[in-house]
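Enquirer: One file is attached below, run05.cif, containing mmCIF, C-alpha atoms and all ligand atoms.
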data_structure
loop_
_atom_site.label_atom_id
_atom_site.label_comp_id
_atom_site.auth_asym_id
_atom_site.auth_seq_id
_atom_site.Cartn_x
_atom_site.Cartn_y
_atom_site.Cartn_z
CA MET R 220 19.41 -8.37 -4.93
CA ASN R 221 16.12 -10.27 -4.93
CA ALA R 222 15.50 -13.39 -2.87
CA THR R 223 16.31 -15.83 -5.69
CA ARG R 224 19.59 -14.10 -6.53
CA LYS R 225 20.44 -14.00 -2.84
CA ALA R 226 19.84 -17.72 -2.48
CA LEU R 227 21.92 -18.34 -5.61
CA ALA R 228 24.74 -16.13 -4.29
CA ALA R 229 24.71 -17.94 -0.95
CA GLY R 230 24.79 -21.29 -2.77
CA LEU R 231 27.69 -20.17 -4.94
CA ALA R 232 29.55 -18.89 -1.91
CA ALA R 233 29.10 -22.26 -0.23
CA LEU R 234 30.31 -24.06 -3.36
CA SER R 235 33.35 -21.84 -3.67
CA LEU R 236 34.16 -22.61 -0.06
CA LEU R 237 34.02 -26.31 -0.77
CA ALA R 238 36.30 -25.73 -3.72
CA VAL R 239 38.69 -23.75 -1.55
CA SER R 240 38.93 -26.45 1.06
CA ALA R 241 39.15 -29.25 -1.49
CA CYS R 242 42.05 -27.96 -3.54
CA GLY R 243 45.25 -26.05 -3.09
CA SER R 244 45.40 -25.55 0.63
CA ASP R 245 47.37 -27.85 2.82
CA SER R 246 45.91 -26.82 6.12
CA GLU R 247 46.27 -30.24 7.74
CA SER R 248 50.02 -30.01 7.60
CA GLY R 249 49.72 -26.39 8.73
CA SER R 250 51.24 -24.91 5.59
CA THR R 251 49.38 -23.20 2.84
CA ASP R 252 50.05 -20.35 0.48
CA GLU R 253 46.36 -19.47 0.28
CA VAL R 254 44.93 -16.51 2.14
CA GLU R 255 41.17 -16.54 2.18
CA VAL R 256 39.82 -13.06 2.79
CA PHE R 257 36.18 -12.91 3.85
CA THR R 258 34.26 -9.70 3.04
CA TRP R 259 30.93 -8.63 1.56
CA TRP R 260 32.63 -6.66 -1.20
CA ALA R 261 31.45 -9.11 -3.82
CA GLU R 262 30.13 -6.98 -6.66
CA GLY R 263 30.37 -3.69 -8.55
CA SER R 264 32.28 -0.77 -7.08
CA GLU R 265 32.86 -2.57 -3.78
CA LYS R 266 34.56 -5.44 -5.60
CA ALA R 267 36.61 -2.86 -7.52
CA GLY R 268 37.83 -1.53 -4.15
CA LEU R 269 38.77 -5.02 -3.01
CA ASP R 270 40.51 -5.69 -6.34
CA ALA R 271 42.64 -2.56 -5.85
CA LEU R 272 43.71 -3.92 -2.47
CA VAL R 273 44.43 -7.38 -3.84
CA LYS R 274 46.68 -5.85 -6.50
CA VAL R 275 48.84 -4.32 -3.75
CA PHE R 276 48.76 -7.60 -1.80
CA ASP R 277 49.94 -9.53 -4.87
CA GLU R 278 52.81 -7.08 -5.39
CA GLN R 279 53.84 -7.12 -1.75
CA HIS R 280 53.43 -10.88 -1.23
CA PRO R 281 54.05 -12.68 -4.53
CA ASP R 282 54.55 -15.96 -2.65
CA LEU R 283 50.96 -15.96 -1.38
CA LYS R 284 47.67 -16.50 -3.14
CA PHE R 285 44.62 -14.37 -2.38
CA VAL R 286 41.40 -16.38 -2.23
CA ASN R 287 38.18 -14.40 -2.44
CA GLY R 288 35.72 -15.53 0.26
CA ALA R 289 33.25 -12.66 -0.36
CA VAL R 290 29.54 -13.19 0.27
CA ALA R 291 27.28 -10.66 -1.49
CA GLY R 292 24.81 -8.38 0.31
CA GLY R 293 25.38 -4.75 1.33
CA ALA R 294 26.52 -4.00 4.88
CA GLY R 295 27.19 -7.71 5.39
CA SER R 296 23.47 -8.46 5.49
CA ASP R 297 24.13 -12.07 4.42
CA ALA R 298 27.86 -12.35 5.04
CA LYS R 299 27.65 -11.95 8.81
CA ASN R 300 25.40 -15.02 9.18
CA VAL R 301 27.59 -17.14 6.92
CA LEU R 302 30.65 -16.01 8.87
CA GLN R 303 29.08 -16.82 12.23
CA SER R 304 28.28 -20.37 11.21
CA ARG R 305 31.79 -20.85 9.84
CA LEU R 306 33.35 -19.55 13.06
CA GLN R 307 31.08 -21.75 15.15
CA ASN R 308 31.96 -24.77 13.01
CA GLY R 309 35.67 -24.11 13.44
CA GLU R 310 36.16 -23.13 9.79
CA PRO R 311 37.44 -19.56 9.95
CA PRO R 312 38.86 -17.83 6.90
CA ALA R 313 42.41 -16.46 7.14
CA THR R 314 40.92 -13.04 7.86
CA PHE R 315 37.51 -11.42 7.86
CA GLN R 316 36.06 -7.92 7.61
CA ALA R 317 34.57 -6.49 10.79
CA HIS R 318 33.40 -3.02 11.75
CA ALA R 319 35.33 -1.07 14.34
CA GLY R 320 33.33 -0.52 17.52
CA ALA R 321 30.64 -2.61 19.16
CA GLU R 322 30.50 -5.19 16.35
CA LEU R 323 34.18 -6.00 16.85
CA THR R 324 33.58 -6.33 20.58
CA ASP R 325 31.13 -9.16 19.81
CA TYR R 326 33.89 -11.19 18.13
CA ILE R 327 36.33 -10.38 20.93
CA ASN R 328 33.89 -11.42 23.65
CA ALA R 329 33.14 -14.64 21.79
CA GLY R 330 36.88 -15.42 21.75
CA GLN R 331 36.84 -15.60 17.95
CA ILE R 332 39.68 -13.21 17.13
CA GLU R 333 43.24 -12.77 18.33
CA ASP R 334 44.78 -9.90 20.23
CA LEU R 335 47.14 -8.14 17.80
CA THR R 336 48.89 -5.90 20.34
CA ASP R 337 52.31 -7.50 19.81
CA LEU R 338 51.98 -7.24 16.06
CA TYR R 339 50.99 -3.57 16.41
CA LYS R 340 54.14 -2.92 18.46
CA GLU R 341 56.39 -4.92 16.15
CA LYS R 342 55.12 -3.11 13.06
CA GLY R 343 54.68 0.34 14.62
CA TRP R 344 50.98 0.39 13.69
CA ASP R 345 50.09 1.83 17.10
CA LYS R 346 51.71 5.10 15.94
CA GLN R 347 50.03 5.39 12.56
CA PHE R 348 46.31 5.15 13.41
CA PRO R 349 44.45 7.88 15.32
CA GLU R 350 43.96 7.26 19.03
CA GLY R 351 40.15 7.57 18.84
CA LEU R 352 40.01 4.89 16.16
CA LEU R 353 42.38 2.56 18.02
CA ASP R 354 40.09 2.87 21.05
CA ARG R 355 37.31 1.29 19.01
CA LEU R 356 39.52 -1.70 18.20
CA LYS R 357 40.46 -2.34 21.81
CA GLN R 358 39.20 -4.45 24.66
CA ASP R 359 40.94 -4.65 28.04
CA GLY R 360 43.97 -2.91 26.56
CA GLY R 361 44.40 -5.38 23.65
CA ILE R 362 44.04 -4.24 20.00
CA TYR R 363 42.06 -6.68 17.87
CA SER R 364 41.99 -5.64 14.21
CA VAL R 365 43.64 -3.47 11.57
CA PRO R 366 41.46 -0.72 10.05
CA SER R 367 41.39 -0.39 6.28
CA ASN R 368 39.23 2.71 5.84
CA ILE R 369 36.85 5.27 7.26
CA HIS R 370 33.41 5.80 5.76
CA ARG R 371 30.85 8.51 6.44
CA ALA R 372 27.26 7.24 6.67
CA ASN R 373 25.29 10.54 6.81
CA MET R 374 25.60 11.67 3.21
CA LEU R 375 22.86 12.88 0.90
CA TRP R 376 23.56 12.23 -2.78
CA ALA R 377 21.61 14.19 -5.37
CA ASN R 378 21.18 14.56 -9.11
CA PRO R 379 21.23 18.33 -9.94
CA ALA R 380 19.50 17.84 -13.32
CA VAL R 381 16.56 16.15 -11.62
CA LEU R 382 16.36 18.85 -8.95
CA LYS R 383 16.29 21.47 -11.69
CA LYS R 384 13.20 19.85 -13.22
CA ALA R 385 11.45 20.40 -9.89
CA GLY R 386 12.70 24.00 -9.63
CA ILE R 387 15.12 23.22 -6.81
CA GLU R 388 18.64 24.59 -6.86
CA ALA R 389 21.51 22.10 -6.70
CA ASN R 390 23.56 21.90 -3.51
CA LYS R 391 20.80 23.58 -1.54
CA SER R 392 21.43 23.03 2.13
CA TYR R 393 18.57 22.23 4.45
CA ASP R 394 18.88 22.86 8.14
CA SER R 395 16.00 20.64 9.16
CA MET R 396 14.08 17.55 8.15
CA ASP R 397 10.92 19.63 7.64
CA ALA R 398 12.60 21.97 5.14
CA TRP R 399 13.91 19.02 3.18
CA ILE R 400 10.59 17.16 3.24
CA ALA R 401 8.88 20.25 1.75
CA ASP R 402 11.17 20.00 -1.29
CA LEU R 403 10.70 16.24 -1.55
CA GLU R 404 6.96 16.87 -1.86
CA LYS R 405 7.65 19.26 -4.77
CA ILE R 406 9.67 16.57 -6.50
CA LYS R 407 6.91 14.02 -5.97
CA ALA R 408 4.41 16.43 -7.55
CA LYS R 409 6.56 16.28 -10.73
CA GLY R 410 6.15 12.51 -10.86
CA ILE R 411 9.80 11.84 -9.93
CA ILE R 412 10.94 9.55 -7.09
CA PRO R 413 12.05 12.05 -4.41
CA LEU R 414 14.24 9.71 -2.34
CA SER R 415 15.60 6.31 -3.26
CA VAL R 416 16.13 3.57 -0.74
CA ALA R 417 16.62 -0.19 -0.86
CA THR R 418 16.30 -3.19 1.41
CA ASP R 419 16.13 -3.24 5.25
CA TRP R 420 19.68 -2.23 6.15
CA THR R 421 19.55 0.85 3.90
CA GLN R 422 16.35 1.85 5.72
CA VAL R 423 18.24 1.49 9.00
CA ASN R 424 20.97 3.70 7.53
CA LEU R 425 18.30 6.29 6.64
CA LEU R 426 16.72 6.02 10.10
CA GLU R 427 20.02 6.61 11.91
CA THR R 428 20.57 9.84 10.00
CA VAL R 429 17.04 11.06 10.85
CA LEU R 430 17.65 10.27 14.54
CA LEU R 431 20.93 12.17 14.30
CA ALA R 432 19.22 15.16 12.65
CA ASP R 433 16.40 15.36 15.17
CA LEU R 434 18.23 14.45 18.38
CA GLY R 435 21.59 16.08 17.65
CA ALA R 436 24.90 14.34 18.26
CA GLU R 437 24.54 14.22 22.04
CA GLY R 438 20.99 12.90 22.00
CA TYR R 439 21.94 10.36 19.32
CA ASN R 440 24.94 9.14 21.34
CA GLY R 441 22.64 8.79 24.33
CA LEU R 442 20.58 6.19 22.47
CA TRP R 443 23.50 3.78 22.81
CA ASP R 444 24.52 4.47 26.41
CA GLY R 445 21.04 4.72 27.91
CA SER R 446 20.98 8.47 28.52
CA THR R 447 18.42 9.14 25.75
CA ASP R 448 14.95 7.71 26.17
CA TRP R 449 13.90 5.61 23.17
CA GLY R 450 10.31 6.10 24.29
CA GLY R 451 10.56 9.91 24.45
CA SER R 452 8.99 12.63 22.33
CA GLU R 453 12.21 13.48 20.43
CA VAL R 454 12.49 9.92 19.14
CA LYS R 455 8.77 10.04 18.29
CA THR R 456 9.31 13.18 16.16
CA ALA R 457 12.21 11.47 14.39
CA LEU R 458 10.09 8.38 13.68
CA GLU R 459 7.33 10.57 12.26
CA HIS R 460 9.87 12.23 9.97
CA TYR R 461 11.19 8.83 9.00
CA SER R 462 7.65 7.66 8.25
CA LYS R 463 7.10 10.68 6.00
CA LEU R 464 10.41 10.08 4.22
CA LEU R 465 9.61 6.43 3.62
CA SER R 466 6.35 7.46 1.97
CA LEU R 467 8.44 9.50 -0.49
CA THR R 468 10.64 6.60 -1.60
CA ASN R 469 10.48 4.07 -4.43
CA THR R 470 7.86 1.39 -3.81
CA ASP R 471 10.09 -1.48 -5.01
CA ARG R 472 12.62 -0.86 -2.24
CA GLN R 473 12.52 -4.33 -0.66
CA GLY R 474 13.86 -6.01 -3.79
CA LEU R 475 16.88 -3.68 -4.11
CA ASP R 476 20.31 -3.37 -2.53
CA TRP R 477 22.26 -0.12 -2.17
CA PRO R 478 23.82 -0.08 -5.68
CA ASP R 479 20.31 -0.15 -7.20
CA ALA R 480 19.10 2.71 -5.00
CA THR R 481 22.14 4.85 -5.79
CA GLN R 482 21.77 3.97 -9.47
CA LEU R 483 18.30 5.52 -9.50
CA VAL R 484 19.98 8.86 -8.69
CA ILE R 485 22.84 8.30 -11.15
CA ASP R 486 20.32 7.56 -13.91
CA GLY R 487 18.13 10.56 -13.06
CA ASP R 488 15.19 8.40 -11.96
CA ALA R 489 15.32 9.69 -8.39
CA ALA R 490 16.42 13.04 -6.93
CA PHE R 491 18.11 11.97 -3.67
CA ASN R 492 19.66 8.96 -1.96
CA VAL R 493 20.87 8.79 1.63
CA MET R 494 23.87 6.49 1.61
CA GLY R 495 27.30 6.05 3.12
CA ASP R 496 30.11 7.30 0.94
CA TRP R 497 30.74 3.94 -0.73
CA ALA R 498 28.20 5.58 -3.10
CA GLU R 499 31.05 7.87 -4.21
CA ALA R 500 32.76 4.83 -5.75
CA ALA R 501 29.63 4.04 -7.78
CA PHE R 502 29.45 7.60 -9.18
CA GLN R 503 33.17 7.55 -9.96
CA GLU R 504 33.06 4.12 -11.56
CA GLN R 505 30.50 5.52 -14.00
CA LYS R 506 32.69 8.54 -14.73
CA LYS R 507 30.37 11.08 -13.14
CA THR R 508 31.73 14.47 -12.14
CA PHE R 509 31.28 15.67 -8.57
CA GLY R 510 29.46 19.00 -8.41
CA THR R 511 28.08 18.69 -11.95
CA ASP R 512 26.56 15.25 -12.42
CA TYR R 513 26.02 14.70 -8.70
CA THR R 514 26.36 16.42 -5.38
CA ALA R 515 26.91 15.14 -1.86
CA VAL R 516 26.14 17.07 1.32
CA PRO R 517 25.50 15.93 4.90
CA VAL R 518 21.92 14.72 5.49
CA PRO R 519 19.74 17.74 6.41
CA GLY R 520 20.18 18.64 10.06
CA THR R 521 23.48 16.73 10.44
CA ASP R 522 25.97 19.28 9.14
CA GLY R 523 29.10 19.34 11.32
CA VAL R 524 28.64 15.72 12.39
CA PHE R 525 30.56 12.81 10.89
CA ASP R 526 28.52 9.61 11.23
CA PHE R 527 31.46 7.29 11.36
CA LEU R 528 32.24 3.67 10.53
CA ALA R 529 35.42 1.81 9.73
CA ASP R 530 36.06 -1.56 8.19
CA SER R 531 38.88 -3.54 9.71
CA PHE R 532 40.49 -6.95 9.29
CA THR R 533 40.96 -9.57 11.96
CA LYS R 534 43.10 -12.59 12.76
CA PRO R 535 40.69 -15.40 13.65
CA VAL R 536 41.59 -17.77 16.47
CA ASP R 537 42.87 -21.06 15.00
CA GLY R 538 42.92 -19.58 11.51
CA PRO R 539 44.15 -21.74 8.61
CA ASN R 540 47.22 -19.64 7.75
CA PRO R 541 48.52 -17.29 10.48
CA LYS R 542 51.48 -16.07 8.39
CA GLY R 543 49.18 -15.39 5.45
CA THR R 544 46.83 -13.50 7.76
CA GLU R 545 49.68 -11.32 8.97
CA ALA R 546 50.73 -10.65 5.38
CA TRP R 547 47.19 -9.46 4.55
CA LEU R 548 47.14 -7.24 7.66
CA ASP R 549 50.52 -5.86 6.58
CA THR R 550 49.04 -4.85 3.23
CA ILE R 551 46.02 -3.30 4.96
CA ALA R 552 48.25 -1.15 7.17
CA SER R 553 50.67 -0.18 4.39
CA ASP R 554 50.46 3.26 2.80
CA GLU R 555 50.17 1.62 -0.65
CA GLY R 556 47.24 -0.52 0.51
CA GLN R 557 45.47 2.35 2.25
CA VAL R 558 45.81 4.69 -0.74
CA ALA R 559 44.88 2.18 -3.46
CA PHE R 560 41.90 0.78 -1.58
CA ASN R 561 40.39 4.01 -0.33
CA LYS R 562 40.75 5.84 -3.63
CA ALA R 563 38.69 3.11 -5.24
CA LYS R 564 36.23 2.64 -2.36
CA GLY R 565 35.04 6.22 -1.78
CA SER R 566 36.32 6.12 1.81
CA ILE R 567 39.33 7.83 3.37
CA PRO R 568 42.43 6.18 4.80
CA ALA R 569 42.34 5.12 8.41
CA SER R 570 46.12 5.55 8.60
CA THR R 571 47.50 9.03 9.19
CA THR R 572 50.63 8.26 7.15
CA ALA R 573 48.86 7.68 3.81
CA ASP R 574 49.19 10.47 1.23
CA THR R 575 45.73 11.63 0.18
CA SER R 576 46.79 14.44 -2.18
CA SER R 577 45.60 12.46 -5.21
CA PHE R 578 42.14 11.82 -3.76
CA GLY R 579 39.07 13.22 -5.53
CA GLU R 580 36.97 16.23 -4.66
CA TYR R 581 34.31 14.44 -2.64
CA GLN R 582 36.90 12.55 -0.61
CA GLN R 583 38.69 15.82 0.20
CA THR R 584 35.45 17.04 1.82
CA ALA R 585 35.30 13.84 3.88
CA ILE R 586 38.93 14.23 4.96
CA LYS R 587 38.21 17.80 6.10
CA SER R 588 35.05 16.79 7.99
CA TRP R 589 36.81 13.84 9.63
CA GLY R 590 39.38 16.31 10.97
CA GLU R 591 36.92 18.98 12.12
CA ASP R 592 33.48 17.51 12.78
CA GLU R 593 31.96 15.89 15.79
CA ILE R 594 32.24 12.11 15.37
CA VAL R 595 29.37 9.75 16.15
CA SER R 596 29.05 5.99 15.63
CA SER R 597 27.01 4.49 12.83
CA LEU R 598 24.19 2.16 13.81
CA ALA R 599 23.72 0.31 10.51
CA HIS R 600 27.46 -0.35 10.23
CA GLY R 601 28.43 -1.90 13.52
CA ALA R 602 30.03 1.06 15.27
CA ALA R 603 27.24 1.86 17.74
CA THR R 604 25.70 -1.45 18.81
CA SER R 605 26.23 -5.18 19.04
CA VAL R 606 25.11 -7.31 16.12
CA ASN R 607 22.13 -8.54 18.21
CA TRP R 608 20.85 -5.06 18.96
CA LEU R 609 21.22 -4.04 15.33
CA THR R 610 19.34 -7.19 14.30
CA ASP R 611 16.45 -6.30 16.64
CA ILE R 612 16.33 -2.70 15.37
CA THR R 613 16.40 -3.98 11.80
CA SER R 614 13.42 -6.24 12.54
CA ALA R 615 11.47 -3.26 13.91
CA VAL R 616 12.39 -1.23 10.82
CA ALA R 617 11.32 -4.04 8.49
CA LYS R 618 8.01 -4.43 10.31
CA PHE R 619 7.39 -0.69 10.14
CA GLY R 620 8.06 -0.80 6.40
CA SER R 621 5.01 -2.97 5.99
CA ASN R 622 2.59 -1.76 8.71
CA ASN R 623 3.54 1.95 8.96
CA ASP R 624 2.53 2.07 12.62
CA VAL R 625 4.72 4.67 14.37
CA ALA R 626 3.57 3.80 17.91
CA GLU R 627 4.34 0.13 17.43
CA PHE R 628 7.65 1.02 15.79
CA GLN R 629 8.70 3.08 18.80
CA LYS R 630 7.60 0.29 21.16
CA GLY R 631 9.72 -2.17 19.18
CA LEU R 632 12.75 0.13 19.43
CA VAL R 633 12.23 0.59 23.19
CA GLU R 634 12.13 -3.20 23.62
CA ALA R 635 15.22 -3.66 21.46
CA ALA R 636 17.08 -1.20 23.72
CA GLU R 637 15.86 -2.91 26.90
CA ASP R 638 16.97 -6.31 25.62
CA ASN R 639 20.38 -5.24 24.38
CA LYS R 640 21.63 -2.13 26.15
CA PRO R 641 25.08 -2.67 27.64
CA GLU R 642 25.06 -2.99 31.46
C1 LIG W 1 29.36 -1.15 5.12
C2 LIG W 1 30.83 -1.33 4.89
C3 LIG W 1 31.24 -0.55 3.70
C4 LIG W 1 30.34 -0.86 2.51
C5 LIG W 1 28.86 -0.84 2.88
C6 LIG W 1 27.91 -1.32 1.81
O1 LIG W 1 28.92 -1.88 6.22
O2 LIG W 1 31.52 -0.90 6.01
O3 LIG W 1 32.59 -0.82 3.40
O4 LIG W 1 30.75 -2.02 1.96
O5 LIG W 1 28.65 -1.60 4.01
O6 LIG W 1 28.01 -2.67 1.58
#
Please express what this file holds, its structure, as structure tokens.
Ligand code: GAL
Expert:
Amino acid sequence: MNATRKALAAGLAALSLLAVSACGSDSESGSTDEVEVFTWWAEGSEKAGLDALVKVFDEQHPDLKFVNGAVAGGAGSDAKNVLQSRLQNGEPPATFQAHAGAELTDYINAGQIEDLTDLYKEKGWDKQFPEGLLDRLKQDGGIYSVPSNIHRANMLWANPAVLKKAGIEANKSYDSMDAWIADLEKIKAKGIIPLSVATDWTQVNLLETVLLADLGAEGYNGLWDGSTDWGGSEVKTALEHYSKLLSLTNTDRQGLDWPDATQLVIDGDAAFNVMGDWAEAAFQEQKKTFGTDYTAVPVPGTDGVFDFLADSFTKPVDGPNPKGTEAWLDTIASDEGQVAFNKAKGSIPASTTADTSSFGEYQQTAIKSWGEDEIVSSLAHGAATSVNWLTDITSAVAKFGSNNDVAEFQKGLVEAAEDNKPE
């Protein structure tokens, strides 16, 4: 989305909020049938995922009315700011989307969301989600949100027909960044965009996968707990690879969001796109066949590692409709909700009780990897760091995108770690 469209979207979101508070709800008397759900699933295949969830909600809770509080912008790039000002102004929605992990901890520490432990016990949710996932929703023993899905961020999407033009076999696996970069150069020589990328956060998503490839899971994890040196030579190698990769991307990247970057691969205008598996929903929405029209393999050098993130839904403190919030959380946790949403979203269910036999071919690979692979936390999607640390890393990435100075980039990342690393 370009700047004008972004401003327009933010304006529209603000207007729709006014409309929401002006009509229908009866929050002053404490009773309302409206359930405002705040996400960034505002457009395209992400909206289709949300719609699938809303359909289940409507069936399960015909007495309630879903109100769409979505603010456009991939990875919550605009939504998170809008949400923060609403929370600070005492105008929370009935529920909002938050990533499991460090991002959720921010809301917990700020006292903005409620402890759901009793609800978990009452509903038996504590038995249906995997322990490792529940740990990322906890603070001091309390559980603070209900997970809707699990996404994998280290996926490489490719168009086999485009690769063929450059004499590269489809589904080729690369065990290192260097091997992959050699093929990207071949694609560039054919006048085709080797790798598509979009605005800042998608560059952060690309960077995290390069760090993962070059440092390995242990070294990557160490970036977040202080045991890996951001100023070291391994990070430097990764940043040099990242710099090379960026030079092999589309030049109009700043004006695009993820659907545009993925679309370049779908349309055969680019060979590869590194993107979380919400991209699967975009391929499926356009009736593309996995393995024929497109392929998806782990980013070179990250095979056997699942770069994890999960969306979850919260119950804000002093929310406008606590019963409505609980009803939404009920739908999120239900097998029907988990299956309908994840099938449409490209992700896999967070709940172990959901039946995934009808899921597509790509999603079956994700289910297998989730069960077998080493799991690490995504940076770009709130699992690894606080919102502040991610914001500082994103600034360094954005700066690097315009000055291409690796030494300064690394210095910026070292400073971001010093300023934000947990005690
Ligand atoms: C992630 C989110 C996904 C997907 C993606 C692109 O942060 O967890 O569900 O929406 O952003 O917007």
Enquirer: Enter the distance from CA of Phe527 in chain R to CA of Thr550 in chain R, in Å, rounded to one decimal.
Expert: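 One can read the CA of Phe527 in chain R to CA of Thr550 in chain R distance as 22.9 Å.
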Enquirer: Which is closer to ligand LIG 1 (chain W) than all the others in R:Gly293, R:Gly435, R:Pro568, R:Gly320, using only C-alpha atoms and all ligand atoms?
Expert: R:Gly293
Enquirer: Let me see if you get this right: every residue at most 9 Å from ligand LIG 1 (chain W), counting only C-alpha atoms and all ligand atoms, written as a VMD selection string.
Expert: chain R and resid 258 to 260 265 291 to 296 316 to 318 368 to 370 372 421 476 to 478 494 to 498 528 to 531 564 566 599 to 601
Enquirer: From the options R:Glu499, R:Glu255, R:Glu504, R:Glu593, which residue's atoms come nearest to Ala267 in chain R, counting all atoms listed in the file?
Expert: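 So, comparing all the options, the nearest one is R:Glu504.
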Enquirer: How close does each residue of range 562-595 of chain R get to range 338-359 of chain R, giving the shortest atom pair and distance in Å to one decimal for every residue with an atom at most 10 Å away, counting all atoms listed in the file, sorted by chain and residue number, as CSV?
Expert:
residue,atom,partner,partner_atom,distance
R:Pro568,CA,R:Phe348,CA,9.5
R:Ala569,CA,R:Phe348,CA,6.4
R:Ser570,CA,R:Phe348,CA,4.8
R:Thr571,CA,R:Gln347,CA,5.6
R:Thr572,CA,R:Gln347,CA,6.2
R:Ala573,CA,R:Gln347,CA,9.1
R:Ile594,CA,R:Gly351,CA,9.8
Enquirer: Next, dump the selected residues to file, keeping only C-alpha atoms, as a tab-separated table (two decimals), in the frame of the given file.
Expert:
chain	number	residue	atom	x	y	z
R	568	PRO	CA	42.43	6.18	4.80
R	569	ALA	CA	42.34	5.12	8.41
R	570	SER	CA	46.12	5.55	8.60
R	571	THR	CA	47.50	9.03	9.19
R	572	THR	CA	50.63	8.26	7.15
R	573	ALA	CA	48.86	7.68	3.81
R	594	ILE	CA	32.24	12.11	15.37
Enquirer: So which residues touch Gly386 in chain R within 10 Å, counting all atoms listed in the file, skipping near sequence neighbours fewer than 4 positions away, as a PDB file with C-alpha atoms, keeping the file's coordinate frame?
Expert:
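Output saved as part_14.pdb:
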ATOM      1  CA  ALA R 380      19.500  17.840 -13.320  1.00  0.00           C
ATOM      2  CA  VAL R 381      16.560  16.150 -11.620  1.00  0.00           C
ATOM      3  CA  LEU R 382      16.360  18.850  -8.950  1.00  0.00           C
ATOM      4  CA  ASP R 402      11.170  20.000  -1.290  1.00  0.00           C
ATOM      5  CA  LYS R 405       7.650  19.260  -4.770  1.00  0.00           C
ATOM      6  CA  ILE R 406       9.670  16.570  -6.500  1.00  0.00           C
ATOM      7  CA  LYS R 409       6.560  16.280 -10.730  1.00  0.00           C
TER       8      LYS R 409
END
Enquirer: Show me the residues close to (12.2, -0.3, 17.3) - anything with an atom within 12 Å, counting only C-alpha atoms - and format the list as number ranges by chain.
Expert: R: 423, 426-427, 442, 449-450, 454-455, 458, 608-620, 624-639
Enquirer: What does the distance from CA of Gln303 in chain R to CA of Gly361 in chain R come to in Å, to one decimal?
Expert: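 Rounded to one decimal, the two atoms are 22.3 Å apart.
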Enquirer: Show which residues sit within 6 Å of Leu414 in chain R, as a list in words. Count only C-alpha atoms, and ignore same-chain residues fewer than 5 positions away.
Expert: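 So the residues in contact are Thr468, Phe491 and Asn492 of chain R.
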Enquirer: With C-alpha atoms retained, export the selected residues as a compact mmCIF listing (two decimals), in the coordinates of the input.
Expert:
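File part-v8.txt, as written:
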# COMPACT_ATOMS: atom_id res chain seq x y z
CA THR R 468 10.64 6.60 -1.60
CA PHE R 491 18.11 11.97 -3.67
CA ASN R 492 19.66 8.96 -1.96
Enquirer: When distances are computed from all atoms listed in the file, which of R:Ala401, R:Gln503, R:Phe276, R:Pro413 shows the smallest separation from His460 in chain R?
Expert: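 Going through R:Ala401, R:Gln503, R:Phe276, R:Pro413 one by one, the smallest distance to His460 in chain R is for R:Ala401.
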Enquirer: Quick one: distance from CA of Thr336 in chain R to CA of Asp549 in chain R in Å, one decimal?
Expert: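 One can read the CA of Thr336 in chain R to CA of Asp549 in chain R distance as 13.9 Å.
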Enquirer: I need the residue nearest Gln557 in chain R from this list: R:Trp589, R:Phe285, R:Phe578, R:Phe502. Use all atoms listed in the file for the distance.
Expert: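 Checking each candidate against Gln557 in chain R, we get R:Phe578 as the closest.
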Enquirer: Need to verify the contact set: Ala432 in chain R, 9 Å, all atoms listed in the file, exclusion of same-chain residues closer than 2 positions in sequence. Can you return it as a ChimeraX atom specification?
Expert: /R:394-396,427-430,434-436,439,457,518-522
